[in-house]
file upload34.pdb (PDB, C-alpha atoms)
MODEL        1
ATOM      1  CA  MET A 123     -18.528  72.635-204.986
ATOM      2  CA  MET A 124     -20.648  73.285-208.069
ATOM      3  CA  THR A 125     -20.483  70.777-210.871
ATOM      4  CA  THR A 126     -21.367  72.072-214.288
ATOM      5  CA  GLN A 127     -23.926  69.997-216.126
ATOM      6  CA  VAL A 128     -22.851  69.610-219.733
ATOM      7  CA  ASN A 129     -25.983  69.797-221.826
ATOM      8  CA  LYS A 130     -26.281  66.856-224.172
ATOM      9  CA  GLU A 131     -27.649  67.370-227.667
ATOM     10  CA  PRO A 132     -31.381  67.077-228.336
ATOM     11  CA  VAL A 133     -32.074  63.687-229.931
ATOM     12  CA  CYS A 134     -34.944  61.876-231.598
ATOM     13  CA  VAL A 135     -35.711  58.184-231.005
ATOM     14  CA  THR A 136     -38.097  56.503-233.452
ATOM     15  CA  GLY A 137     -40.068  53.500-232.212
ATOM     16  CA  ALA A 138     -39.357  54.788-228.706
ATOM     17  CA  ASN A 139     -41.933  52.679-226.865
ATOM     18  CA  GLY A 140     -40.785  49.315-228.252
ATOM     19  CA  PHE A 141     -38.447  46.894-226.467
ATOM     20  CA  ILE A 142     -35.151  48.385-227.707
ATOM     21  CA  GLY A 143     -36.543  51.923-228.011
ATOM     22  CA  SER A 144     -37.676  52.029-224.368
ATOM     23  CA  TRP A 145     -34.261  50.857-223.145
ATOM     24  CA  LEU A 146     -32.586  53.434-225.384
ATOM     25  CA  VAL A 147     -34.717  56.249-223.919
ATOM     26  CA  ARG A 148     -33.855  54.988-220.422
ATOM     27  CA  THR A 149     -30.126  54.900-221.293
ATOM     28  CA  LEU A 150     -30.203  58.401-222.792
ATOM     29  CA  LEU A 151     -31.932  59.742-219.658
ATOM     30  CA  ASP A 152     -29.319  57.991-217.487
ATOM     31  CA  GLY A 153     -26.590  59.556-219.639
ATOM     32  CA  GLY A 154     -27.805  63.107-219.056
ATOM     33  CA  TYR A 155     -29.786  63.666-222.253
ATOM     34  CA  THR A 156     -32.596  66.016-221.303
ATOM     35  CA  THR A 157     -34.344  66.714-224.601
ATOM     36  CA  ILE A 158     -35.660  63.551-226.232
ATOM     37  CA  HIS A 159     -38.212  63.477-229.040
ATOM     38  CA  ALA A 160     -39.828  60.044-228.834
ATOM     39  CA  THR A 161     -41.841  58.856-231.826
ATOM     40  CA  VAL A 162     -44.468  56.176-231.277
ATOM     41  CA  TYR A 163     -46.842  54.389-233.613
ATOM     42  CA  PRO A 164     -50.174  56.286-233.600
ATOM     43  CA  GLY A 165     -52.503  54.833-230.990
ATOM     44  CA  SER A 166     -49.764  52.852-229.192
ATOM     45  CA  ASP A 167     -49.115  53.381-225.482
ATOM     46  CA  PRO A 168     -46.037  55.437-224.505
ATOM     47  CA  SER A 169     -46.979  55.873-220.817
ATOM     48  CA  HIS A 170     -44.220  53.559-219.492
ATOM     49  CA  LEU A 171     -41.609  56.006-220.857
ATOM     50  CA  PHE A 172     -42.739  58.672-218.389
ATOM     51  CA  ALA A 173     -42.259  56.214-215.511
ATOM     52  CA  LEU A 174     -38.545  55.768-216.361
ATOM     53  CA  PRO A 175     -35.960  57.130-213.896
ATOM     54  CA  ARG A 176     -35.186  60.812-214.605
ATOM     55  CA  ALA A 177     -38.066  61.127-217.096
ATOM     56  CA  GLY A 178     -39.764  63.627-214.769
ATOM     57  CA  ASN A 179     -36.879  66.088-214.996
ATOM     58  CA  ALA A 180     -36.353  65.746-218.742
ATOM     59  CA  ASN A 181     -37.977  67.321-221.732
ATOM     60  CA  LEU A 182     -39.375  64.014-223.027
ATOM     61  CA  ARG A 183     -41.791  64.742-225.855
ATOM     62  CA  VAL A 184     -43.907  62.074-227.513
ATOM     63  CA  TYR A 185     -44.761  62.403-231.201
ATOM     64  CA  GLU A 186     -47.305  60.095-232.790
ATOM     65  CA  ALA A 187     -45.645  59.322-236.113
ATOM     66  CA  GLU A 188     -46.216  56.464-238.510
ATOM     67  CA  VAL A 189     -42.812  56.260-240.269
ATOM     68  CA  LEU A 190     -44.539  56.331-243.683
ATOM     69  CA  ASP A 191     -45.935  59.802-242.811
ATOM     70  CA  SER A 192     -42.998  61.994-243.803
ATOM     71  CA  ASP A 193     -44.544  65.179-242.340
ATOM     72  CA  ALA A 194     -45.043  63.553-238.934
ATOM     73  CA  VAL A 195     -41.481  62.190-239.004
ATOM     74  CA  SER A 196     -40.168  65.624-239.971
ATOM     75  CA  ARG A 197     -41.967  67.281-237.037
ATOM     76  CA  ALA A 198     -40.384  64.813-234.624
ATOM     77  CA  VAL A 199     -36.837  65.251-235.972
ATOM     78  CA  GLU A 200     -36.959  69.068-236.119
ATOM     79  CA  GLY A 201     -34.746  70.630-233.459
ATOM     80  CA  CYS A 202     -32.645  67.485-232.926
ATOM     81  CA  THR A 203     -28.975  67.019-233.778
ATOM     82  CA  GLY A 204     -29.041  63.251-233.357
ATOM     83  CA  VAL A 205     -31.467  60.602-234.561
ATOM     84  CA  PHE A 206     -31.723  56.993-233.383
ATOM     85  CA  HIS A 207     -33.851  55.160-235.923
ATOM     86  CA  VAL A 208     -35.239  52.092-234.165
ATOM     87  CA  ALA A 209     -38.786  51.825-235.560
ATOM     88  CA  SER A 210     -39.287  48.914-237.953
ATOM     89  CA  PRO A 211     -42.167  46.449-238.136
ATOM     90  CA  CYS A 212     -41.454  43.059-236.565
ATOM     91  CA  THR A 213     -44.384  40.711-236.074
ATOM     92  CA  LEU A 214     -44.745  37.450-234.187
ATOM     93  CA  GLU A 215     -47.121  36.192-236.902
ATOM     94  CA  ASP A 216     -46.334  35.626-240.595
ATOM     95  CA  PRO A 217     -47.399  38.681-242.598
ATOM     96  CA  LYS A 218     -50.340  38.296-244.978
ATOM     97  CA  ASP A 219     -48.953  41.002-247.264
ATOM     98  CA  PRO A 220     -45.185  41.142-246.578
ATOM     99  CA  GLU A 221     -44.505  43.992-249.024
ATOM    100  CA  LYS A 222     -47.077  46.242-247.365
ATOM    101  CA  GLU A 223     -46.651  45.079-243.763
ATOM    102  CA  LEU A 224     -42.860  44.720-243.542
ATOM    103  CA  VAL A 225     -40.842  45.789-246.570
ATOM    104  CA  LEU A 226     -42.428  49.153-247.440
ATOM    105  CA  PRO A 227     -42.523  50.524-243.864
ATOM    106  CA  ALA A 228     -38.939  49.375-243.244
ATOM    107  CA  VAL A 229     -37.501  50.851-246.448
ATOM    108  CA  GLN A 230     -39.645  53.936-247.115
ATOM    109  CA  GLY A 231     -39.938  54.628-243.388
ATOM    110  CA  THR A 232     -36.145  54.685-243.113
ATOM    111  CA  ILE A 233     -35.836  56.980-246.143
ATOM    112  CA  ASN A 234     -38.348  59.380-244.542
ATOM    113  CA  VAL A 235     -36.263  59.497-241.351
ATOM    114  CA  LEU A 236     -33.069  60.101-243.364
ATOM    115  CA  GLU A 237     -34.756  62.854-245.419
ATOM    116  CA  ALA A 238     -35.782  64.611-242.203
ATOM    117  CA  ALA A 239     -32.259  64.210-240.789
ATOM    118  CA  LYS A 240     -30.800  65.788-243.919
ATOM    119  CA  LYS A 241     -33.367  68.609-243.875
ATOM    120  CA  PHE A 242     -32.543  69.599-240.288
ATOM    121  CA  ASN A 243     -28.756  69.076-240.531
ATOM    122  CA  VAL A 244     -28.632  66.231-238.038
ATOM    123  CA  ARG A 245     -25.055  65.476-236.937
ATOM    124  CA  ARG A 246     -25.382  61.691-236.937
ATOM    125  CA  VAL A 247     -28.022  59.019-237.498
ATOM    126  CA  VAL A 248     -27.670  55.704-235.644
ATOM    127  CA  LEU A 249     -29.588  53.095-237.619
ATOM    128  CA  THR A 250     -30.780  50.022-235.738
ATOM    129  CA  SER A 251     -30.353  47.310-238.323
ATOM    130  CA  SER A 252     -30.204  43.643-237.297
ATOM    131  CA  ILE A 253     -28.239  40.430-237.636
ATOM    132  CA  SER A 254     -31.073  39.732-240.105
ATOM    133  CA  ALA A 255     -29.220  42.007-242.539
ATOM    134  CA  ILE A 256     -26.049  39.883-242.050
ATOM    135  CA  VAL A 257     -27.538  36.348-242.086
ATOM    136  CA  PRO A 258     -28.740  34.084-243.627
ATOM    137  CA  ASN A 259     -25.924  34.140-246.139
ATOM    138  CA  PRO A 260     -25.328  30.599-247.443
ATOM    139  CA  GLY A 261     -22.540  31.809-249.747
ATOM    140  CA  TRP A 262     -20.329  32.843-246.790
ATOM    141  CA  ALA A 263     -16.993  30.992-246.575
ATOM    142  CA  LYS A 264     -17.451  27.780-244.564
ATOM    143  CA  ASP A 265     -14.473  28.238-242.223
ATOM    144  CA  LYS A 266     -14.936  31.974-241.586
ATOM    145  CA  VAL A 267     -16.566  33.678-238.589
ATOM    146  CA  PHE A 268     -19.475  35.919-239.560
ATOM    147  CA  ASP A 269     -18.621  39.610-239.402
ATOM    148  CA  GLU A 270     -19.932  42.970-240.584
ATOM    149  CA  SER A 271     -18.875  42.343-244.192
ATOM    150  CA  SER A 272     -21.601  39.700-244.608
ATOM    151  CA  TRP A 273     -24.929  40.640-246.200
ATOM    152  CA  THR A 274     -28.119  38.591-246.105
ATOM    153  CA  ASP A 275     -28.864  36.695-249.325
ATOM    154  CA  LEU A 276     -32.145  38.237-250.491
ATOM    155  CA  ASP A 277     -33.005  35.583-253.095
ATOM    156  CA  TYR A 278     -32.467  32.844-250.512
ATOM    157  CA  CYS A 279     -34.841  34.604-248.081
ATOM    158  CA  LYS A 280     -37.488  35.355-250.687
ATOM    159  CA  SER A 281     -37.528  31.751-251.906
ATOM    160  CA  ARG A 282     -38.157  30.665-248.295
ATOM    161  CA  LYS A 283     -40.626  33.493-247.600
ATOM    162  CA  LYS A 284     -38.454  34.922-244.828
ATOM    163  CA  TRP A 285     -39.622  38.524-245.111
ATOM    164  CA  TYR A 286     -38.210  40.138-241.975
ATOM    165  CA  PRO A 287     -34.566  39.718-243.120
ATOM    166  CA  VAL A 288     -35.576  41.016-246.551
ATOM    167  CA  SER A 289     -37.080  44.156-244.973
ATOM    168  CA  LYS A 290     -34.074  44.850-242.730
ATOM    169  CA  THR A 291     -31.540  44.233-245.522
ATOM    170  CA  LEU A 292     -33.295  46.452-248.070
ATOM    171  CA  ALA A 293     -33.740  49.210-245.460
ATOM    172  CA  GLU A 294     -30.045  49.165-244.608
ATOM    173  CA  LYS A 295     -28.917  49.094-248.238
ATOM    174  CA  ALA A 296     -31.182  52.090-248.939
ATOM    175  CA  THR A 297     -29.620  53.854-245.942
ATOM    176  CA  TRP A 298     -26.041  53.516-247.182
ATOM    177  CA  GLU A 299     -27.060  54.661-250.680
ATOM    178  CA  PHE A 300     -28.793  57.721-249.217
ATOM    179  CA  ALA A 301     -25.894  58.507-246.872
ATOM    180  CA  GLU A 302     -23.357  58.331-249.690
ATOM    181  CA  LYS A 303     -25.448  60.399-252.083
ATOM    182  CA  HIS A 304     -26.264  63.157-249.570
ATOM    183  CA  GLY A 305     -23.175  63.112-247.325
ATOM    184  CA  LEU A 306     -25.206  62.135-244.258
ATOM    185  CA  ASN A 307     -23.294  60.753-241.258
ATOM    186  CA  VAL A 308     -24.780  57.325-240.507
ATOM    187  CA  VAL A 309     -23.640  54.459-238.283
ATOM    188  CA  ALA A 310     -25.469  51.095-238.163
ATOM    189  CA  ILE A 311     -25.823  48.623-235.301
ATOM    190  CA  HIS A 312     -26.775  44.958-235.794
ATOM    191  CA  PRO A 313     -28.152  43.408-232.598
ATOM    192  CA  ALA A 314     -28.516  39.657-232.263
ATOM    193  CA  THR A 315     -31.477  38.222-230.288
ATOM    194  CA  CYS A 316     -32.189  40.874-227.624
ATOM    195  CA  LEU A 317     -33.062  39.757-224.111
ATOM    196  CA  GLY A 318     -33.668  41.536-220.821
ATOM    197  CA  PRO A 319     -36.468  42.993-218.696
ATOM    198  CA  LEU A 320     -39.475  44.231-220.675
ATOM    199  CA  LEU A 321     -40.104  47.917-220.003
ATOM    200  CA  GLN A 322     -43.070  47.867-222.411
ATOM    201  CA  PRO A 323     -46.384  46.169-221.521
ATOM    202  CA  TYR A 324     -46.497  43.676-224.430
ATOM    203  CA  LEU A 325     -44.370  40.695-225.445
ATOM    204  CA  ASN A 326     -41.831  41.477-228.187
ATOM    205  CA  ALA A 327     -40.530  39.064-230.837
ATOM    206  CA  SER A 328     -37.003  38.519-229.465
ATOM    207  CA  CYS A 329     -38.122  37.777-225.888
ATOM    208  CA  ALA A 330     -40.764  35.446-227.358
ATOM    209  CA  VAL A 331     -37.866  33.288-228.653
ATOM    210  CA  LEU A 332     -36.858  32.605-225.042
ATOM    211  CA  GLN A 333     -40.471  32.288-223.877
ATOM    212  CA  GLN A 334     -41.214  29.662-226.543
ATOM    213  CA  LEU A 335     -37.971  27.785-225.798
ATOM    214  CA  LEU A 336     -38.992  27.578-222.124
ATOM    215  CA  GLN A 337     -42.380  26.231-223.217
ATOM    216  CA  GLY A 338     -40.804  23.357-225.157
ATOM    217  CA  SER A 339     -40.526  24.791-228.681
ATOM    218  CA  LYS A 340     -38.382  22.727-231.072
ATOM    219  CA  ASP A 341     -37.761  25.644-233.447
ATOM    220  CA  THR A 342     -34.016  25.696-234.228
ATOM    221  CA  GLN A 343     -34.059  29.443-235.127
ATOM    222  CA  GLU A 344     -31.977  28.334-238.100
ATOM    223  CA  TYR A 345     -32.363  31.520-240.141
ATOM    224  CA  HIS A 346     -32.539  34.046-237.307
ATOM    225  CA  TRP A 347     -29.734  33.197-234.914
ATOM    226  CA  LEU A 348     -26.124  34.240-234.307
ATOM    227  CA  GLY A 349     -26.233  34.721-230.545
ATOM    228  CA  ALA A 350     -27.909  36.750-227.815
ATOM    229  CA  VAL A 351     -27.341  40.147-226.227
ATOM    230  CA  HIS A 352     -28.767  42.039-223.253
ATOM    231  CA  VAL A 353     -30.985  44.858-224.507
ATOM    232  CA  LYS A 354     -29.243  47.293-222.126
ATOM    233  CA  ASP A 355     -25.955  46.538-223.945
ATOM    234  CA  VAL A 356     -27.641  47.330-227.263
ATOM    235  CA  ALA A 357     -28.872  50.657-225.881
ATOM    236  CA  LYS A 358     -25.423  51.458-224.441
ATOM    237  CA  ALA A 359     -23.868  50.610-227.808
ATOM    238  CA  GLN A 360     -26.312  52.873-229.653
ATOM    239  CA  VAL A 361     -25.340  55.821-227.441
ATOM    240  CA  LEU A 362     -21.650  54.903-227.697
ATOM    241  CA  LEU A 363     -21.892  54.921-231.505
ATOM    242  CA  PHE A 364     -23.631  58.295-231.437
ATOM    243  CA  GLU A 365     -20.999  59.813-229.145
ATOM    244  CA  SER A 366     -17.826  58.255-230.628
ATOM    245  CA  PRO A 367     -16.484  60.558-233.362
ATOM    246  CA  ALA A 368     -14.491  57.743-235.001
ATOM    247  CA  ALA A 369     -17.466  55.363-235.289
ATOM    248  CA  SER A 370     -18.427  54.508-238.871
ATOM    249  CA  GLY A 371     -19.982  51.673-240.835
ATOM    250  CA  ARG A 372     -21.628  48.555-239.409
ATOM    251  CA  TYR A 373     -21.353  47.164-235.865
ATOM    252  CA  LEU A 374     -22.391  43.625-234.957
ATOM    253  CA  CYS A 375     -23.837  43.651-231.418
ATOM    254  CA  THR A 376     -23.869  40.197-229.828
ATOM    255  CA  ASN A 377     -22.198  38.603-226.820
ATOM    256  CA  GLY A 378     -20.508  35.981-228.965
ATOM    257  CA  ILE A 379     -21.574  33.770-231.867
ATOM    258  CA  TYR A 380     -22.620  30.191-231.090
ATOM    259  CA  GLN A 381     -25.251  27.572-231.913
ATOM    260  CA  PHE A 382     -28.846  28.025-230.743
ATOM    261  CA  ALA A 383     -28.485  24.457-229.382
ATOM    262  CA  ASP A 384     -25.777  25.782-227.021
ATOM    263  CA  PHE A 385     -28.067  28.590-225.922
ATOM    264  CA  ALA A 386     -30.894  26.110-225.245
ATOM    265  CA  ASP A 387     -28.458  24.031-223.212
ATOM    266  CA  ARG A 388     -27.495  27.035-221.066
ATOM    267  CA  VAL A 389     -31.154  27.982-220.555
ATOM    268  CA  SER A 390     -32.003  24.402-219.560
ATOM    269  CA  LYS A 391     -29.240  24.387-216.927
ATOM    270  CA  LEU A 392     -30.418  27.723-215.516
ATOM    271  CA  PHE A 393     -34.093  26.691-215.464
ATOM    272  CA  PRO A 394     -34.310  22.884-215.179
ATOM    273  CA  GLU A 395     -37.960  23.176-214.086
ATOM    274  CA  PHE A 396     -38.957  24.233-217.644
ATOM    275  CA  PRO A 397     -39.401  21.704-220.504
ATOM    276  CA  VAL A 398     -36.546  23.123-222.630
ATOM    277  CA  TYR A 399     -35.922  20.988-225.718
ATOM    278  CA  ARG A 400     -32.403  19.576-226.000
ATOM    279  CA  PHE A 401     -31.232  19.771-229.593
ATOM    280  CA  ASN A 402     -28.974  17.122-231.111
ATOM    281  CA  GLY A 403     -26.184  18.349-233.383
ATOM    282  CA  GLU A 404     -25.946  21.758-235.001
ATOM    283  CA  THR A 405     -28.982  24.018-235.172
ATOM    284  CA  GLN A 406     -27.061  26.400-237.465
ATOM    285  CA  PRO A 407     -25.147  24.066-239.815
ATOM    286  CA  GLY A 408     -21.526  25.162-240.198
ATOM    287  CA  LEU A 409     -21.802  28.258-237.965
ATOM    288  CA  ILE A 410     -18.349  29.051-236.562
ATOM    289  CA  ALA A 411     -18.394  30.058-232.891
ATOM    290  CA  CYS A 412     -16.595  33.217-231.746
ATOM    291  CA  GLU A 413     -16.524  34.832-228.299
ATOM    292  CA  ASP A 414     -15.511  38.328-229.405
ATOM    293  CA  ALA A 415     -17.578  38.572-232.596
ATOM    294  CA  ALA A 416     -18.538  42.150-231.653
ATOM    295  CA  LYS A 417     -14.869  43.159-231.711
ATOM    296  CA  ARG A 418     -15.614  46.551-233.283
ATOM    297  CA  LEU A 419     -17.865  47.511-230.346
ATOM    298  CA  ILE A 420     -15.526  45.943-227.775
ATOM    299  CA  ASP A 421     -12.713  48.102-229.216
ATOM    300  CA  LEU A 422     -14.878  51.189-228.582
ATOM    301  CA  GLY A 423     -15.133  50.153-224.917
ATOM    302  CA  LEU A 424     -18.407  48.206-224.744
ATOM    303  CA  VAL A 425     -18.457  45.507-222.057
ATOM    304  CA  PHE A 426     -21.092  42.821-222.587
ATOM    305  CA  THR A 427     -23.396  41.477-219.866
ATOM    306  CA  PRO A 428     -23.118  37.685-219.430
ATOM    307  CA  VAL A 429     -25.826  35.867-221.404
ATOM    308  CA  GLU A 430     -26.870  33.976-218.246
ATOM    309  CA  ASP A 431     -27.713  37.294-216.540
ATOM    310  CA  ALA A 432     -29.746  38.398-219.564
ATOM    311  CA  VAL A 433     -31.667  35.093-219.549
ATOM    312  CA  ARG A 434     -32.390  35.256-215.804
ATOM    313  CA  GLU A 435     -33.611  38.847-215.992
ATOM    314  CA  THR A 436     -35.816  38.079-218.999
ATOM    315  CA  VAL A 437     -37.416  35.091-217.272
ATOM    316  CA  GLU A 438     -38.114  37.161-214.128
ATOM    317  CA  SER A 439     -39.729  39.833-216.289
ATOM    318  CA  LEU A 440     -41.770  37.350-218.367
ATOM    319  CA  LYS A 441     -43.076  35.786-215.139
ATOM    320  CA  ALA A 442     -43.892  39.159-213.571
ATOM    321  CA  LYS A 443     -45.838  40.246-216.665
ATOM    322  CA  GLY A 444     -47.765  36.976-216.929
ATOM    323  CA  PHE A 445     -46.071  35.744-220.129
ATOM    324  CA  LEU A 446     -44.687  32.632-218.403
ATOM    325  CA  GLY A 447     -46.367  30.272-215.981
ATOM    326  CA  GLN A 448     -50.096  30.103-215.314
ATOM    327  CA  GLN A 449     -51.175  32.848-217.716
ATOM    328  CA  MET A 450     -49.570  31.784-220.987
ATOM    329  CA  SER A 451     -49.326  34.404-223.715
ATOM    330  CA  LYS A 452     -51.390  33.714-226.817
ATOM    331  CA  SER A 453     -48.580  34.769-229.160
TER     332      SER A 453
ENDMDL
END

call {"tool": "encode", "arguments": {"input": "upload34.pdb", "output": "structure tokens"}}
result
Amino acid sequence: MMTTQVNKEPVCVTGANGFIGSWLVRTLLDGGYTTIHATVYPGSDPSHLFALPRAGNANLRVYEAEVLDSDAVSRAVEGCTGVFHVASPCTLEDPKDPEKELVLPAVQGTINVLEAAKKFNVRRVVLTSSISAIVPNPGWAKDKVFDESSWTDLDYCKSRKKWYPVSKTLAEKATWEFAEKHGLNVVAIHPATCLGPLLQPYLNASCAVLQQLLQGSKDTQEYHWLGAVHVKDVAKAQVLLFESPAASGRYLCTNGIYQFADFADRVSKLFPEFPVYRFNGETQPGLIACEDAAKRLIDLGLVFTPVEDAVRETVESLKAKGFLGQQMSKS
């Protein structure tokens, strides 16, 4: 009996060879998307994308596009009816010039992607924002669980030189202004700390949080933590938000909200052979725990992978790539 293959729309993924981007490309291929325009930072290596299952039978095109180059972005988006904007600078080191290294590429880069989407009548843009556009927000009610109505306090971050949350918050605010002004259909997803196997060859910032914890780091992640999520769940959620007609607004993507101290405790129990620091008291003062914090995504049908599975898979991957054990990463 013949089964008819429903052709999925052609889509563009920016930052396609990063940690989340690579998993998104893999998830799109698994979901039957056959035309994928993958943008990568000029000079970066996209070769692992072609090794993904089903990549050989798909029309997977790589476009070298620095997001600040509007012409290059436009070329990548042309011919697509969906855009997943994932590209945004995120460094393991403190930026020397935060405005130039983080804020400008995040904000102007996002505007360039939105301009291209408008130009080519894209049906929907899925913006990958971050919990860093939700917290830190010290003005949030003390007894209330964090949700999508919270916005990061920019003055608080600037005074503490926390530039990544500033970049993500300004980029998202610019997105909603643009969408409202031009009638563009945009949905935003806000992943917490993403874990899972690394498809890309280098260590990314979120997996480095777990790597450093396993190496004895005492960093409480005070400003950067709500919880953790398997990167494959983030990718599934991105596709779900693209495909669900009723999806709109912001979507927190985390398998629960809880203290980083609790996470460290779980990691320590899973891997007692590593010198995981045991924190005393709250690492995120006043943070209210919540198991179904991502209720909006759960209501759309997303089922989260247990955090323990995400941790185990990340550790296996870090070991296999030489980022844990004898060959310690420099970052």

call {"tool": "resolve_selection", "arguments": {"input": "upload34.pdb", "expression": "the PyMOL selection byres ((chain A and resi 338) around 9)", "output": "ChimeraX atom specification"}}
result
/A:334-337,339-340,396-399

call {"tool": "resolve_selection", "arguments": {"input": "upload34.pdb", "expression": "the PyMOL selection byres ((chain A and resi 366-376) around 9)", "output": "ChimeraX atom specification"}}
result
/A:251-253,256,269-271,298,307-316,348-352,355-356,359,361-365,377-379,414-419,422,426

call {"tool": "closest_residue", "arguments": {"input": "upload34.pdb", "among": "A:Glu200, A:Glu294, A:Asp152, A:Asp167", "to": "Ala180 (chain A)", "atoms": "only C-alpha atoms"}}
result
A:Asp152

call {"tool": "resolve_selection", "arguments": {"input": "upload34.pdb", "expression": "the PyMOL selection byres ((chain A and resi 305) around 12)", "output": "PyMOL selection string"}}
result
chain A and resi 236-237+239-240+243-247+297-304+306-308

call {"tool": "atom_distance", "arguments": {"input": "upload34.pdb", "atom1": "CA of Lys358 (chain A)", "atom2": "CA of Leu190 (chain A)"}}
result
27.6 Å

call {"tool": "atom_distance", "arguments": {"input": "upload34.pdb", "atom1": "CA of Ser272 (chain A)", "atom2": "CA of Pro260 (chain A)"}}
result
10.2 Å

call {"tool": "residues_near_point", "arguments": {"input": "upload34.pdb", "point": "(-26.3, 70.1, -224.9)", "cutoff": "12 Å", "atoms": "only C-alpha atoms", "output": "ChimeraX atom specification"}}
result
/A:126-133,153-158,202-204

call {"tool": "atom_distance", "arguments": {"input": "upload34.pdb", "atom1": "CA of Glu438 (chain A)", "atom2": "CA of Gly143 (chain A)"}}
result
20.3 Å

call {"tool": "closest_residue", "arguments": {"input": "upload34.pdb", "among": "A:Phe141, A:Phe385, A:Phe206, A:Tyr324", "to": "Ala160 (chain A)", "atoms": "only C-alpha atoms"}}
result
A:Phe206
